[in-house]
Structures are given as C-alpha cells and as structure tokens.
$ cat start-v8.cif   # mmCIF, C-alpha atoms; chains and numbers go by the auth columns
data_model
loop_
_atom_site.group_PDB
_atom_site.id
_atom_site.type_symbol
_atom_site.label_atom_id
_atom_site.label_comp_id
_atom_site.label_asym_id
_atom_site.label_seq_id
_atom_site.Cartn_x
_atom_site.Cartn_y
_atom_site.Cartn_z
_atom_site.B_iso_or_equiv
_atom_site.auth_seq_id
_atom_site.auth_asym_id
ATOM 1 C CA CYS A 1 104.228 278.070 -43.699 0.00 1 A
ATOM 2 C CA ILE A 2 103.000 275.427 -41.243 0.00 2 A
ATOM 3 C CA ILE A 3 100.628 276.247 -38.392 0.00 3 A
ATOM 4 C CA SER A 4 99.481 273.713 -35.805 0.00 4 A
ATOM 5 C CA PHE A 5 97.276 274.143 -32.726 0.00 5 A
ATOM 6 C CA ARG A 6 96.068 272.061 -29.819 0.00 6 A
ATOM 7 C CA GLY A 7 94.492 272.988 -26.527 0.00 7 A
ATOM 8 C CA ASN A 8 91.661 273.023 -24.028 0.00 8 A
ATOM 9 C CA VAL A 9 88.762 274.991 -25.497 0.00 9 A
ATOM 10 C CA ALA A 10 86.823 274.958 -22.221 0.00 10 A
ATOM 11 C CA ALA A 11 89.772 276.511 -20.441 0.00 11 A
ATOM 12 C CA LYS A 12 90.307 278.871 -23.378 0.00 12 A
ATOM 13 C CA THR A 13 93.955 277.845 -23.745 0.00 13 A
ATOM 14 C CA VAL A 14 95.299 276.963 -27.163 0.00 14 A
ATOM 15 C CA VAL A 15 98.974 276.170 -27.721 0.00 15 A
ATOM 16 C CA GLY A 16 100.786 275.354 -30.908 0.00 16 A
ATOM 17 C CA TYR A 17 103.526 276.378 -33.271 0.00 17 A
ATOM 18 C CA GLN A 18 104.040 278.242 -36.511 0.00 18 A
ATOM 19 C CA THR A 19 106.859 277.471 -38.945 0.00 19 A
ATOM 20 C CA GLN A 20 108.123 279.698 -41.754 0.00 20 A
ATOM 21 C CA ASP A 21 110.452 277.602 -43.919 0.00 21 A
ATOM 22 C CA TRP A 22 110.405 279.112 -47.419 0.00 22 A
ATOM 23 C CA MET A 23 113.004 281.850 -46.920 0.00 23 A
ATOM 24 C CA ASP A 24 116.459 282.477 -48.354 0.00 24 A
ATOM 25 C CA LYS A 25 119.409 284.666 -47.343 0.00 25 A
ATOM 26 C CA THR A 26 117.726 288.060 -47.191 0.00 26 A
ATOM 27 C CA PHE A 27 115.622 290.197 -44.838 0.00 27 A
ATOM 28 C CA TYR A 28 111.957 289.405 -44.221 0.00 28 A
ATOM 29 C CA MET A 29 109.418 291.258 -42.099 0.00 29 A
ATOM 30 C CA MET A 30 108.011 288.776 -39.607 0.00 30 A
ATOM 31 C CA GLY A 31 105.839 288.955 -36.510 0.00 31 A
ATOM 32 C CA CYS A 32 105.458 287.150 -33.199 0.00 32 A
ATOM 33 C CA GLN A 33 102.004 285.594 -32.761 0.00 33 A
ATOM 34 C CA PHE A 34 102.233 283.611 -29.533 0.00 34 A
ATOM 35 C CA GLU A 35 102.968 284.120 -25.855 0.00 35 A
ATOM 36 C CA LYS A 36 104.232 281.701 -23.210 0.00 36 A
ATOM 37 C CA PRO A 37 101.635 279.378 -21.624 0.00 37 A
ATOM 38 C CA ASP A 38 101.897 281.449 -18.428 0.00 38 A
ATOM 39 C CA GLY A 39 101.047 284.637 -20.356 0.00 39 A
ATOM 40 C CA ALA A 40 104.571 286.077 -20.366 0.00 40 A
ATOM 41 C CA ASP A 41 106.256 287.358 -23.517 0.00 41 A
ATOM 42 C CA ILE A 42 108.336 284.980 -25.599 0.00 42 A
ATOM 43 C CA LEU A 43 112.061 285.753 -25.496 0.00 43 A
ATOM 44 C CA LEU A 44 114.248 285.991 -28.581 0.00 44 A
ATOM 45 C CA SER A 45 116.202 282.928 -27.412 0.00 45 A
ATOM 46 C CA GLU A 46 112.943 280.957 -27.370 0.00 46 A
ATOM 47 C CA LEU A 47 112.323 281.395 -31.090 0.00 47 A
ATOM 48 C CA THR A 48 113.586 278.331 -32.963 0.00 48 A
ATOM 49 C CA PHE A 49 115.927 278.714 -35.937 0.00 49 A
ATOM 50 C CA ASN A 50 118.063 276.307 -37.953 0.00 50 A
ATOM 51 C CA PHE A 51 121.321 278.236 -38.015 0.00 51 A
ATOM 52 C CA ASP A 52 124.276 276.419 -39.573 0.00 52 A
ATOM 53 C CA MET A 53 126.593 276.688 -36.577 0.00 53 A
ATOM 54 C CA ALA A 54 129.631 276.118 -38.790 0.00 54 A
ATOM 55 C CA ASN A 55 128.893 279.511 -40.358 0.00 55 A
ATOM 56 C CA VAL A 56 127.915 281.425 -37.219 0.00 56 A
ATOM 57 C CA PRO A 57 130.705 283.982 -36.568 0.00 57 A
ATOM 58 C CA LYS A 58 132.596 284.854 -33.426 0.00 58 A
ATOM 59 C CA TYR A 59 132.654 288.308 -31.865 0.00 59 A
ATOM 60 C CA ASP A 60 135.335 290.700 -33.102 0.00 60 A
ATOM 61 C CA LYS A 61 136.060 294.248 -31.949 0.00 61 A
ATOM 62 C CA GLY A 62 135.755 295.596 -35.484 0.00 62 A
ATOM 63 C CA GLY A 63 132.132 294.438 -35.653 0.00 63 A
ATOM 64 C CA ASN A 64 132.662 292.387 -38.803 0.00 64 A
ATOM 65 C CA TYR A 65 130.472 289.631 -37.323 0.00 65 A
ATOM 66 C CA LYS A 66 127.446 291.863 -37.935 0.00 66 A
ATOM 67 C CA LYS A 67 127.863 291.435 -41.700 0.00 67 A
ATOM 68 C CA VAL A 68 127.560 287.635 -41.624 0.00 68 A
ATOM 69 C CA ALA A 69 125.667 286.762 -38.420 0.00 69 A
ATOM 70 C CA PRO A 70 121.957 285.912 -38.220 0.00 70 A
ATOM 71 C CA ASN A 71 120.241 289.229 -37.594 0.00 71 A
ATOM 72 C CA VAL A 72 116.944 290.219 -35.953 0.00 72 A
ATOM 73 C CA GLN A 73 115.834 293.859 -35.907 0.00 73 A
ATOM 74 C CA LEU A 74 113.076 294.151 -33.323 0.00 74 A
ATOM 75 C CA ALA A 75 110.593 296.979 -33.854 0.00 75 A
ATOM 76 C CA PHE A 76 109.972 299.514 -31.116 0.00 76 A
ATOM 77 C CA ALA A 77 106.625 298.898 -29.444 0.00 77 A
ATOM 78 C CA ASP A 78 105.165 302.409 -29.767 0.00 78 A
ATOM 79 C CA SER A 79 107.279 304.375 -32.216 0.00 79 A
ATOM 80 C CA GLU A 80 109.148 304.148 -35.486 0.00 80 A
ATOM 81 C CA GLY A 81 112.490 302.336 -35.432 0.00 81 A
ATOM 82 C CA ASN A 82 114.037 299.061 -34.316 0.00 82 A
ATOM 83 C CA THR A 83 116.816 297.510 -32.228 0.00 83 A
ATOM 84 C CA PRO A 84 119.248 295.066 -33.900 0.00 84 A
ATOM 85 C CA TYR A 85 120.476 291.786 -32.419 0.00 85 A
ATOM 86 C CA TYR A 86 123.033 289.318 -33.773 0.00 86 A
ATOM 87 C CA PHE A 87 123.559 285.603 -33.171 0.00 87 A
ATOM 88 C CA ILE A 88 127.211 284.706 -32.567 0.00 88 A
ATOM 89 C CA SER A 89 129.066 281.614 -31.389 0.00 89 A
ATOM 90 C CA ASP A 90 130.579 283.177 -28.254 0.00 90 A
ATOM 91 C CA ALA A 91 127.835 285.383 -26.875 0.00 91 A
ATOM 92 C CA LYS A 92 128.500 284.670 -23.200 0.00 92 A
ATOM 93 C CA LYS A 93 130.328 282.420 -20.771 0.00 93 A
ATOM 94 C CA VAL A 94 128.509 279.605 -18.971 0.00 94 A
ATOM 95 C CA ASN A 95 130.572 277.673 -16.425 0.00 95 A
ATOM 96 C CA GLY A 96 133.711 279.110 -17.960 0.00 96 A
ATOM 97 C CA VAL A 97 132.838 278.105 -21.513 0.00 97 A
ATOM 98 C CA TYR A 98 131.670 280.428 -24.285 0.00 98 A
ATOM 99 C CA VAL A 99 128.258 279.474 -25.690 0.00 99 A
ATOM 100 C CA PRO A 100 126.299 280.775 -28.699 0.00 100 A
ATOM 101 C CA GLY A 101 123.494 283.280 -28.319 0.00 101 A
ATOM 102 C CA TRP A 102 122.169 286.716 -29.167 0.00 102 A
ATOM 103 C CA VAL A 103 124.061 289.957 -28.590 0.00 103 A
ATOM 104 C CA GLY A 104 123.146 293.613 -28.959 0.00 104 A
ATOM 105 C CA ALA A 105 124.838 296.207 -31.137 0.00 105 A
ATOM 106 C CA THR A 106 127.797 296.482 -28.738 0.00 106 A
ATOM 107 C CA GLY A 107 128.400 292.720 -28.588 0.00 107 A
ATOM 108 C CA SER A 108 126.966 292.227 -25.105 0.00 108 A
ATOM 109 C CA ALA A 109 124.697 289.225 -24.473 0.00 109 A
ATOM 110 C CA ALA A 110 121.007 290.072 -24.863 0.00 110 A
ATOM 111 C CA ASP A 111 117.690 288.267 -24.758 0.00 111 A
ATOM 112 C CA PRO A 112 114.847 290.746 -25.370 0.00 112 A
ATOM 113 C CA ALA A 113 111.146 289.974 -25.193 0.00 113 A
ATOM 114 C CA VAL A 114 109.381 289.456 -28.524 0.00 114 A
ATOM 115 C CA SER A 115 105.799 290.347 -27.668 0.00 115 A
ATOM 116 C CA ALA A 116 102.838 289.075 -29.658 0.00 116 A
ATOM 117 C CA GLY A 117 101.911 291.736 -32.195 0.00 117 A
ATOM 118 C CA ILE A 118 105.472 293.070 -32.479 0.00 118 A
ATOM 119 C CA GLY A 119 107.215 292.963 -35.850 0.00 119 A
ATOM 120 C CA PHE A 120 110.846 292.324 -36.671 0.00 120 A
ATOM 121 C CA TRP A 121 113.179 291.966 -39.621 0.00 121 A
ATOM 122 C CA PHE A 122 114.895 288.571 -39.835 0.00 122 A
ATOM 123 C CA LYS A 123 117.853 287.444 -41.928 0.00 123 A
ATOM 124 C CA ASP A 124 119.849 284.225 -41.676 0.00 124 A
ATOM 125 C CA PRO A 125 122.902 284.215 -43.963 0.00 125 A
ATOM 126 C CA THR A 126 124.315 280.971 -42.510 0.00 126 A
ATOM 127 C CA THR A 127 122.152 278.557 -44.498 0.00 127 A
ATOM 128 C CA ASP A 128 120.374 278.266 -47.833 0.00 128 A
ATOM 129 C CA ASN A 129 117.178 277.171 -46.061 0.00 129 A
ATOM 130 C CA PRO A 130 116.412 279.503 -43.134 0.00 130 A
ATOM 131 C CA VAL A 131 113.643 278.458 -40.768 0.00 131 A
ATOM 132 C CA LEU A 132 111.793 280.427 -38.104 0.00 132 A
ATOM 133 C CA GLN A 133 109.481 278.597 -35.710 0.00 133 A
ATOM 134 C CA THR A 134 107.454 280.203 -32.920 0.00 134 A
ATOM 135 C CA THR A 135 105.902 278.038 -30.212 0.00 135 A
ATOM 136 C CA GLY A 136 103.557 279.066 -27.447 0.00 136 A
ATOM 137 C CA GLN A 137 100.029 279.930 -26.415 0.00 137 A
ATOM 138 C CA VAL A 138 97.573 281.803 -28.604 0.00 138 A
ATOM 139 C CA LEU A 139 96.549 285.051 -26.914 0.00 139 A
ATOM 140 C CA PRO A 140 93.362 284.306 -24.957 0.00 140 A
ATOM 141 C CA ASP A 141 91.917 287.819 -25.244 0.00 141 A
ATOM 142 C CA SER A 142 90.175 289.014 -28.409 0.00 142 A
ATOM 143 C CA PRO A 143 90.102 291.702 -29.664 0.00 143 A
ATOM 144 C CA TRP A 144 93.713 292.821 -29.297 0.00 144 A
ATOM 145 C CA GLU A 145 94.101 296.543 -29.859 0.00 145 A
ATOM 146 C CA LYS A 146 96.939 298.899 -30.627 0.00 146 A
ATOM 147 C CA THR A 147 96.891 302.652 -31.191 0.00 147 A
ATOM 148 C CA PHE A 148 99.356 304.129 -33.662 0.00 148 A
ATOM 149 C CA GLY A 149 100.824 307.578 -33.136 0.00 149 A
ATOM 150 C CA ALA A 150 102.018 310.041 -35.759 0.00 150 A
ATOM 151 C CA ALA A 151 101.222 309.483 -39.423 0.00 151 A
ATOM 152 C CA THR A 152 104.415 307.628 -40.392 0.00 152 A
ATOM 153 C CA TYR A 153 105.353 304.049 -41.270 0.00 153 A
ATOM 154 C CA TYR A 154 105.023 301.322 -38.639 0.00 154 A
ATOM 155 C CA MET A 155 105.166 297.547 -38.594 0.00 155 A
ATOM 156 C CA LEU A 156 101.640 296.163 -38.322 0.00 156 A
ATOM 157 C CA VAL A 157 101.401 292.574 -37.058 0.00 157 A
ATOM 158 C CA ASN A 158 98.395 290.430 -36.261 0.00 158 A
ATOM 159 C CA PRO A 159 99.037 288.973 -32.772 0.00 159 A
ATOM 160 C CA PHE A 160 96.979 285.881 -33.660 0.00 160 A
ATOM 161 C CA PRO A 161 98.543 283.084 -35.795 0.00 161 A
ATOM 162 C CA VAL A 162 96.078 283.302 -38.680 0.00 162 A
ATOM 163 C CA SER A 163 95.944 284.932 -42.087 0.00 163 A
ATOM 164 C CA TYR A 164 93.274 287.595 -42.550 0.00 164 A
ATOM 165 C CA ASP A 165 91.530 289.744 -45.149 0.00 165 A
ATOM 166 C CA LEU A 166 92.055 293.491 -44.751 0.00 166 A
ATOM 167 C CA SER A 167 88.410 294.187 -45.596 0.00 167 A
ATOM 168 C CA ASP A 168 87.005 291.632 -43.141 0.00 168 A
ATOM 169 C CA THR A 169 85.902 293.678 -40.123 0.00 169 A
ATOM 170 C CA THR A 170 85.398 290.459 -38.128 0.00 170 A
ATOM 171 C CA ALA A 171 89.163 289.909 -38.397 0.00 171 A
ATOM 172 C CA VAL A 172 90.616 293.424 -38.287 0.00 172 A
ATOM 173 C CA LEU A 173 89.094 296.841 -37.709 0.00 173 A
ATOM 174 C CA PHE A 174 90.771 300.168 -38.497 0.00 174 A
ATOM 175 C CA ASN A 175 88.891 302.514 -36.223 0.00 175 A
ATOM 176 C CA GLY A 176 88.075 305.891 -37.806 0.00 176 A
ATOM 177 C CA ILE A 177 89.655 305.038 -41.135 0.00 177 A
ATOM 178 C CA ASP A 178 86.587 306.163 -43.135 0.00 178 A
ATOM 179 C CA ASP A 179 86.724 309.677 -41.655 0.00 179 A
ATOM 180 C CA SER A 180 90.216 310.294 -43.024 0.00 180 A
ATOM 181 C CA ALA A 181 89.809 308.605 -46.419 0.00 181 A
ATOM 182 C CA PRO A 182 90.481 310.867 -49.443 0.00 182 A
ATOM 183 C CA LYS A 183 88.772 310.583 -52.818 0.00 183 A
ATOM 184 C CA TYR A 184 90.374 309.066 -55.882 0.00 184 A
ATOM 185 C CA ASP A 185 92.052 311.451 -58.344 0.00 185 A
ATOM 186 C CA LYS A 186 93.690 310.624 -61.677 0.00 186 A
ATOM 187 C CA GLU A 187 96.951 312.269 -60.663 0.00 187 A
ATOM 188 C CA GLY A 188 97.317 309.893 -57.721 0.00 188 A
ATOM 189 C CA ASN A 189 97.530 312.578 -55.043 0.00 189 A
ATOM 190 C CA TYR A 190 95.339 310.409 -52.782 0.00 190 A
ATOM 191 C CA LYS A 191 98.337 308.101 -52.297 0.00 191 A
ATOM 192 C CA LYS A 192 100.153 310.828 -50.375 0.00 192 A
ATOM 193 C CA VAL A 193 97.434 311.236 -47.738 0.00 193 A
ATOM 194 C CA ALA A 194 95.478 307.977 -47.648 0.00 194 A
ATOM 195 C CA THR A 195 95.983 305.281 -45.046 0.00 195 A
ATOM 196 C CA GLN A 196 98.426 302.905 -46.697 0.00 196 A
ATOM 197 C CA ILE A 197 99.357 299.295 -46.059 0.00 197 A
ATOM 198 C CA GLN A 198 102.059 297.289 -47.785 0.00 198 A
ATOM 199 C CA VAL A 199 101.212 293.580 -47.680 0.00 199 A
ATOM 200 C CA PRO A 200 104.094 291.077 -47.921 0.00 200 A
ATOM 201 C CA PHE A 201 104.218 288.444 -50.646 0.00 201 A
ATOM 202 C CA VAL A 202 103.137 285.002 -49.416 0.00 202 A
ATOM 203 C CA ASP A 203 106.415 283.152 -49.848 0.00 203 A
ATOM 204 C CA SER A 204 109.050 285.595 -51.054 0.00 204 A
ATOM 205 C CA GLU A 205 110.526 289.010 -50.352 0.00 205 A
ATOM 206 C CA GLY A 206 108.533 292.079 -51.361 0.00 206 A
ATOM 207 C CA PHE A 207 105.332 293.994 -50.690 0.00 207 A
ATOM 208 C CA THR A 208 102.190 295.110 -52.537 0.00 208 A
ATOM 209 C CA PRO A 209 100.876 298.573 -51.556 0.00 209 A
ATOM 210 C CA TYR A 210 97.187 299.392 -51.052 0.00 210 A
ATOM 211 C CA TYR A 211 95.435 302.673 -50.227 0.00 211 A
ATOM 212 C CA TYR A 212 92.172 303.340 -48.410 0.00 212 A
ATOM 213 C CA ILE A 213 89.937 305.865 -50.205 0.00 213 A
ATOM 214 C CA SER A 214 86.345 307.038 -49.808 0.00 214 A
ATOM 215 C CA ASP A 215 85.137 305.985 -53.272 0.00 215 A
ATOM 216 C CA ALA A 216 86.805 302.631 -53.846 0.00 216 A
ATOM 217 C CA LYS A 217 83.809 301.002 -55.572 0.00 217 A
ATOM 218 C CA LYS A 218 80.103 301.287 -56.235 0.00 218 A
ATOM 219 C CA VAL A 219 77.570 299.270 -54.256 0.00 219 A
ATOM 220 C CA ASN A 220 73.939 299.629 -55.367 0.00 220 A
ATOM 221 C CA GLY A 221 74.893 302.752 -57.293 0.00 221 A
ATOM 222 C CA VAL A 222 76.623 304.433 -54.348 0.00 222 A
ATOM 223 C CA TYR A 223 80.398 304.840 -53.882 0.00 223 A
ATOM 224 C CA VAL A 224 81.709 303.238 -50.689 0.00 224 A
ATOM 225 C CA PRO A 225 85.138 303.367 -49.028 0.00 225 A
ATOM 226 C CA GLY A 226 87.683 300.596 -49.303 0.00 226 A
ATOM 227 C CA TRP A 227 91.147 299.506 -50.299 0.00 227 A
ATOM 228 C CA VAL A 228 92.454 300.127 -53.818 0.00 228 A
ATOM 229 C CA THR A 229 95.563 299.141 -55.754 0.00 229 A
ATOM 230 C CA THR A 230 98.258 301.481 -57.069 0.00 230 A
ATOM 231 C CA THR A 231 96.094 302.060 -60.159 0.00 231 A
ATOM 232 C CA GLY A 232 93.074 303.062 -58.068 0.00 232 A
ATOM 233 C CA LYS A 233 91.096 299.879 -58.745 0.00 233 A
ATOM 234 C CA ASP A 234 89.094 298.126 -56.042 0.00 234 A
ATOM 235 C CA ALA A 235 91.523 295.648 -54.462 0.00 235 A
ATOM 236 C CA GLY A 236 88.931 293.026 -53.538 0.00 236 A
ATOM 237 C CA THR A 237 90.193 290.375 -51.134 0.00 237 A
ATOM 238 C CA ILE A 238 93.615 291.231 -49.680 0.00 238 A
ATOM 239 C CA THR A 239 95.038 288.331 -47.708 0.00 239 A
ATOM 240 C CA VAL A 240 97.818 288.999 -45.222 0.00 240 A
ATOM 241 C CA PRO A 241 99.833 285.805 -44.600 0.00 241 A
ATOM 242 C CA ALA A 242 99.987 284.445 -41.049 0.00 242 A
ATOM 243 C CA GLY A 243 103.119 285.368 -39.161 0.00 243 A
ATOM 244 C CA ARG A 244 104.094 288.238 -41.439 0.00 244 A
ATOM 245 C CA GLY A 245 104.376 291.956 -40.839 0.00 245 A
ATOM 246 C CA CYS A 246 103.061 294.809 -42.995 0.00 246 A
ATOM 247 C CA TRP A 247 104.228 298.365 -43.452 0.00 247 A
ATOM 248 C CA PHE A 248 101.388 300.524 -42.178 0.00 248 A
ATOM 249 C CA ARG A 249 100.964 304.288 -42.494 0.00 249 A
ATOM 250 C CA PRO A 250 97.787 305.648 -40.883 0.00 250 A
ATOM 251 C CA ALA A 251 96.354 308.802 -42.440 0.00 251 A
ATOM 252 C CA VAL A 252 95.973 310.385 -39.020 0.00 252 A
ATOM 253 C CA ALA A 253 97.583 310.055 -35.622 0.00 253 A
ATOM 254 C CA ASN A 254 96.039 307.898 -32.893 0.00 254 A
ATOM 255 C CA MET A 255 94.356 305.411 -35.229 0.00 255 A
ATOM 256 C CA LYS A 256 93.378 302.301 -33.263 0.00 256 A
ATOM 257 C CA VAL A 257 93.628 298.908 -34.958 0.00 257 A
ATOM 258 C CA SER A 258 91.731 295.959 -33.491 0.00 258 A
ATOM 259 C CA PHE A 259 92.506 292.328 -34.361 0.00 259 A
ATOM 260 C CA PHE A 260 90.057 289.505 -33.671 0.00 260 A
ATOM 261 C CA LEU A 261 90.947 285.829 -33.265 0.00 261 A
ATOM 262 C CA GLY A 262 87.978 284.477 -35.168 0.00 262 A
ATOM 263 C CA LYS A 263 84.405 284.949 -36.248 0.00 263 A
#
$ encode --input "start-v8.cif" --output "structure tokens"
Amino acid sequence: CIISFRGNVAAKTVVGYQTQDWMDKTFYMMGCQFEKPDGADILLSELTFNFDMANVPKYDKGGNYKKVAPNVQLAFADSEGNTPYYFISDAKKVNGVYVPGWVGATGSAADPAVSAGIGFWFKDPTTDNPVLQTTGQVLPDSPWEKTFGAATYYMLVNPFPVSYDLSDTTAVLFNGIDDSAPKYDKEGNYKKVATQIQVPFVDSEGFTPYYYISDAKKVNGVYVPGWVTTTGKDAGTITVPAGRGCWFRPAVANMKVSFFLGK
C-alpha cells in the first residue's frame, strides 16, 4: 500500500493518491477515501487499475463475460447490499468505435459515483498483479459521520486515507456503543448481541472478528468496556489498514460512527 499527499495547508486542500498493489485474483473489500478537487464524488471510471486488456472479455448475451471480467460490487449507501459492475472491452460506442469501460448487470454502459466512505468488493481476474489506485482530494471536513440503520452487517469505511486504531477515539468514535455492550460469558453468547467488526488482513484476503463488551479489561481494579477477540481477551491495538473496508454489525439501530482526519 502506497499513500502520498501534497497540498496547501492554509487553504485546507490536500490532494494525493493511494495505491493498493499486493492483491491477487480474488475479491477484496476496499473503500474510496478521496473526492475530486472540486468536491464532487469520484466516478468508477476515474479509479485507476492495471487490467490486462488482452484478457478483458467482450459482451455476450449469455452473460459469460461476468465470470471473467474485472468486477466491482459497490455497496449501497444506506442499507445492506451492493450493485455489481463489470469491465468489458466493448462497453460503448464512441465515434462509431467500441471502447472499453464499465457496464451494469444488464450490459449497459455505467459510470457510478464512488463516494468517499463507501465500500466495494473488487476482483481483477485479468492479471496476476492487480492494482487499484485512487487519486483526488482528501475530504476537508472532519469529523465525517454516518449513521447505521438496523442491526445487520454493513461495510464500514474510513473516508480519510489513513490507517486507524479502533480504540483511538481521536480517530474513530462509535457513539452510544457503551450503552449496548453486553458482558462476557464463557459460553460466548455475547458474540450474538455485541457490536462486531471484522477487520481485514493487511495484505491478503480475510478478516479478524472483534466484539465490543462492557468488561473487556480491568483498569485500576475496575472493568471497562472495549474490544475483545473471539476468545474474549482484550484485543489491545486493532489497526485497520488504510483504504480497506470492514464488516460492521452495530448492536443497535441508528448507531452513529464518526471518523476524524487526525489528532
């Protein structure tokens, strides 16, 4: 992962790019962490990939291209679910010539917005060395807040291009999480009702689950809330890699999560 920034601090504009270049031919949960310099959302076509065009398929009525085309599944903004898009060699005609681009599930040309803080699945089967690069402006407003609805699984993405520690309230704040935190029990029933987050591995596929409980550890002889592992042990520092998405299941509906750019 490579992250680079430059900008005018006085004007509060910082632009740069973030490169993820450790992937292979499988699905990864990613997240957009920039916007355009004018404040508009980045479009899917404006994300930079290194597709091997020799292996990018053409459209076919049977939909076989979906099995071998680069694939992005863009999460819904405010509910569970996603919308798939595929990169093919003949997405649309420009001046009478077919050109490559993204299409929706029906094969029609598409170029959706990929807003900062929105997660998506990404898979590039055309090359052994997939690359995803996002370029743009760092969001100028901190904190950035999002409220999650029903207690189900969502993609949680930091809109700022930095890694962060889940327990660092100067980086991320889960509003009201203490009020809904269950106690530890040996049978592990707390896992069914606790706020849960599944943090992606740094440079490979997979996730590590953590649970927020009311008695995670003792501080000065008193139990305090915090994140624990699957065995119920205090998790300590939990670093979420920059540019990655987490599975997030709030214990209650309408939990607001606030992300901060820096201390």
$ axis_aligned_box --input "start-v8.cif" --around "region 209-219 of chain A" --padding-each-side "6 Å" --output "JSON"
{"center_x": 89.2, "center_y": 302.8, "center_z": -52.3, "size_x": 35.3, "size_y": 20.5, "size_z": 19.8}
$ residues_around --input "start-v8.cif" --residues "region 54-71 of chain A" --least-positions-apart "6" --cutoff "7 Å" --atoms "only C-alpha atoms" --output "PyMOL selection string"
chain A and resi 84-90+107+122-126
$ resolve_selection --input "start-v8.cif" --expression "the PyMOL selection byres ((chain A and resi 234) around 12)" --output "list in words"
Ser167, Tyr184, Tyr210, Tyr211, Tyr212, Ile213, Ser214, Asp215, Ala216, Lys217, Lys218, Val219, Tyr223, Val224, Pro225, Gly226, Trp227, Val228, Thr229, Thr230, Thr231, Gly232, Lys233, Ala235, Gly236, Thr237 and Ile238 of chain A
$ closest_residue --input "start-v8.cif" --among "A:Asn220, A:Thr134, A:Ser180, A:Thr239" --to "Asp21 (chain A)" --atoms "all atoms listed in the file"
A:Thr134
$ resolve_selection --input "start-v8.cif" --expression "the PyMOL selection byres ((chain A and resi 136-140) around 10)" --output "PyMOL selection string"
chain A and resi 5-7+11-18+33-42+46-47+116+134-135+141-144+159-161+261
$ closest_residue --input "start-v8.cif" --among "A:Trp102, A:Phe76, A:Phe248, A:Phe27" --to "Leu43 (chain A)" --atoms "all atoms listed in the file"
A:Trp102
$ resolve_selection --input "start-v8.cif" --expression "the PyMOL selection byres ((chain A and resi 30) around 12)" --output "short mmCIF file (atom, residue, chain, number, x, y, z; two decimals) with C-alpha atoms, in the coordinates of the input"
data_model
loop_
_atom_site.label_atom_id
_atom_site.label_comp_id
_atom_site.auth_asym_id
_atom_site.auth_seq_id
_atom_site.Cartn_x
_atom_site.Cartn_y
_atom_site.Cartn_z
CA GLN A 18 104.04 278.24 -36.51
CA THR A 19 106.86 277.47 -38.94
CA GLN A 20 108.12 279.70 -41.75
CA MET A 23 113.00 281.85 -46.92
CA PHE A 27 115.62 290.20 -44.84
CA TYR A 28 111.96 289.40 -44.22
CA MET A 29 109.42 291.26 -42.10
CA GLY A 31 105.84 288.96 -36.51
CA CYS A 32 105.46 287.15 -33.20
CA GLN A 33 102.00 285.59 -32.76
CA VAL A 72 116.94 290.22 -35.95
CA GLN A 73 115.83 293.86 -35.91
CA LEU A 74 113.08 294.15 -33.32
CA ALA A 75 110.59 296.98 -33.85
CA VAL A 114 109.38 289.46 -28.52
CA ALA A 116 102.84 289.08 -29.66
CA GLY A 117 101.91 291.74 -32.20
CA ILE A 118 105.47 293.07 -32.48
CA GLY A 119 107.22 292.96 -35.85
CA PHE A 120 110.85 292.32 -36.67
CA TRP A 121 113.18 291.97 -39.62
CA PHE A 122 114.90 288.57 -39.84
CA LYS A 123 117.85 287.44 -41.93
CA VAL A 131 113.64 278.46 -40.77
CA LEU A 132 111.79 280.43 -38.10
CA GLN A 133 109.48 278.60 -35.71
CA THR A 134 107.45 280.20 -32.92
CA MET A 155 105.17 297.55 -38.59
CA LEU A 156 101.64 296.16 -38.32
CA VAL A 157 101.40 292.57 -37.06
CA ASN A 158 98.40 290.43 -36.26
CA PRO A 159 99.04 288.97 -32.77
CA PRO A 161 98.54 283.08 -35.80
CA VAL A 199 101.21 293.58 -47.68
CA PRO A 200 104.09 291.08 -47.92
CA PHE A 201 104.22 288.44 -50.65
CA VAL A 202 103.14 285.00 -49.42
CA ASP A 203 106.42 283.15 -49.85
CA SER A 204 109.05 285.60 -51.05
CA GLU A 205 110.53 289.01 -50.35
CA VAL A 240 97.82 289.00 -45.22
CA PRO A 241 99.83 285.80 -44.60
CA ALA A 242 99.99 284.44 -41.05
CA GLY A 243 103.12 285.37 -39.16
CA ARG A 244 104.09 288.24 -41.44
CA GLY A 245 104.38 291.96 -40.84
CA CYS A 246 103.06 294.81 -43.00
CA TRP A 247 104.23 298.36 -43.45
#
$ closest_residue --input "start-v8.cif" --among "A:Ser79, A:Lys191, A:Ala109, A:Phe260" --to "Ser163 (chain A)" --atoms "all atoms listed in the file"
A:Phe260
$ atom_distance --input "start-v8.cif" --atom1 "CA of Ala91 (chain A)" --atom2 "CA of Lys25 (chain A)"
22.1 Å
$ closest_residue --input "start-v8.cif" --among "A:Arg249, A:Pro100, A:Ser108, A:Gln196" --to "Asp52 (chain A)" --atoms "only C-alpha atoms"
A:Pro100
$ atom_distance --input "start-v8.cif" --atom1 "CA of Ser45 (chain A)" --atom2 "CA of Lys92 (chain A)"
13.1 Å
$ atom_distance --input "start-v8.cif" --atom1 "CA of Gly176 (chain A)" --atom2 "CA of Thr147 (chain A)"
11.5 Å
$ residues_around --input "start-v8.cif" --residues "Pro250 (chain A)" --least-positions-apart "4" --cutoff "7 Å" --atoms "only C-alpha atoms" --output "list in words"
Ala151, Thr152, Thr195, Gln196 and Met255 of chain A
$ decode --input "start-v8.cif" --residues "region 215-220 of chain A" --atoms "N, CA, C and O atoms" --output "PDB file, in the first residue's frame"
ATOM      1  N   ASP A 215     -17.002  -5.415  29.804  1.00  0.00           N
ATOM      2  CA  ASP A 215     -15.957  -5.761  30.782  1.00  0.00           C
ATOM      3  C   ASP A 215     -14.749  -6.381  30.079  1.00  0.00           C
ATOM      4  O   ASP A 215     -14.316  -7.485  30.376  1.00  0.00           O
ATOM      5  N   ALA A 216     -14.220  -5.610  29.123  1.00  0.00           N
ATOM      6  CA  ALA A 216     -13.128  -6.114  28.286  1.00  0.00           C
ATOM      7  C   ALA A 216     -11.820  -6.275  29.057  1.00  0.00           C
ATOM      8  O   ALA A 216     -11.048  -7.197  28.815  1.00  0.00           O
ATOM      9  N   LYS A 217     -11.567  -5.377  30.021  1.00  0.00           N
ATOM     10  CA  LYS A 217     -10.320  -5.432  30.786  1.00  0.00           C
ATOM     11  C   LYS A 217     -10.468  -4.638  32.072  1.00  0.00           C
ATOM     12  O   LYS A 217     -11.417  -3.851  32.231  1.00  0.00           O
ATOM     13  N   LYS A 218      -9.519  -4.833  32.966  1.00  0.00           N
ATOM     14  CA  LYS A 218      -9.509  -4.091  34.221  1.00  0.00           C
ATOM     15  C   LYS A 218      -8.532  -2.927  34.146  1.00  0.00           C
ATOM     16  O   LYS A 218      -7.403  -3.074  33.686  1.00  0.00           O
ATOM     17  N   VAL A 219      -8.980  -1.778  34.611  1.00  0.00           N
ATOM     18  CA  VAL A 219      -8.141  -0.585  34.712  1.00  0.00           C
ATOM     19  C   VAL A 219      -8.284  -0.062  36.120  1.00  0.00           C
ATOM     20  O   VAL A 219      -9.393   0.294  36.549  1.00  0.00           O
ATOM     21  N   ASN A 220      -7.190  -0.079  36.884  1.00  0.00           N
ATOM     22  CA  ASN A 220      -7.206   0.338  38.293  1.00  0.00           C
ATOM     23  C   ASN A 220      -8.257  -0.438  39.088  1.00  0.00           C
ATOM     24  O   ASN A 220      -8.973   0.125  39.924  1.00  0.00           O
TER      25      ASN A 220
END
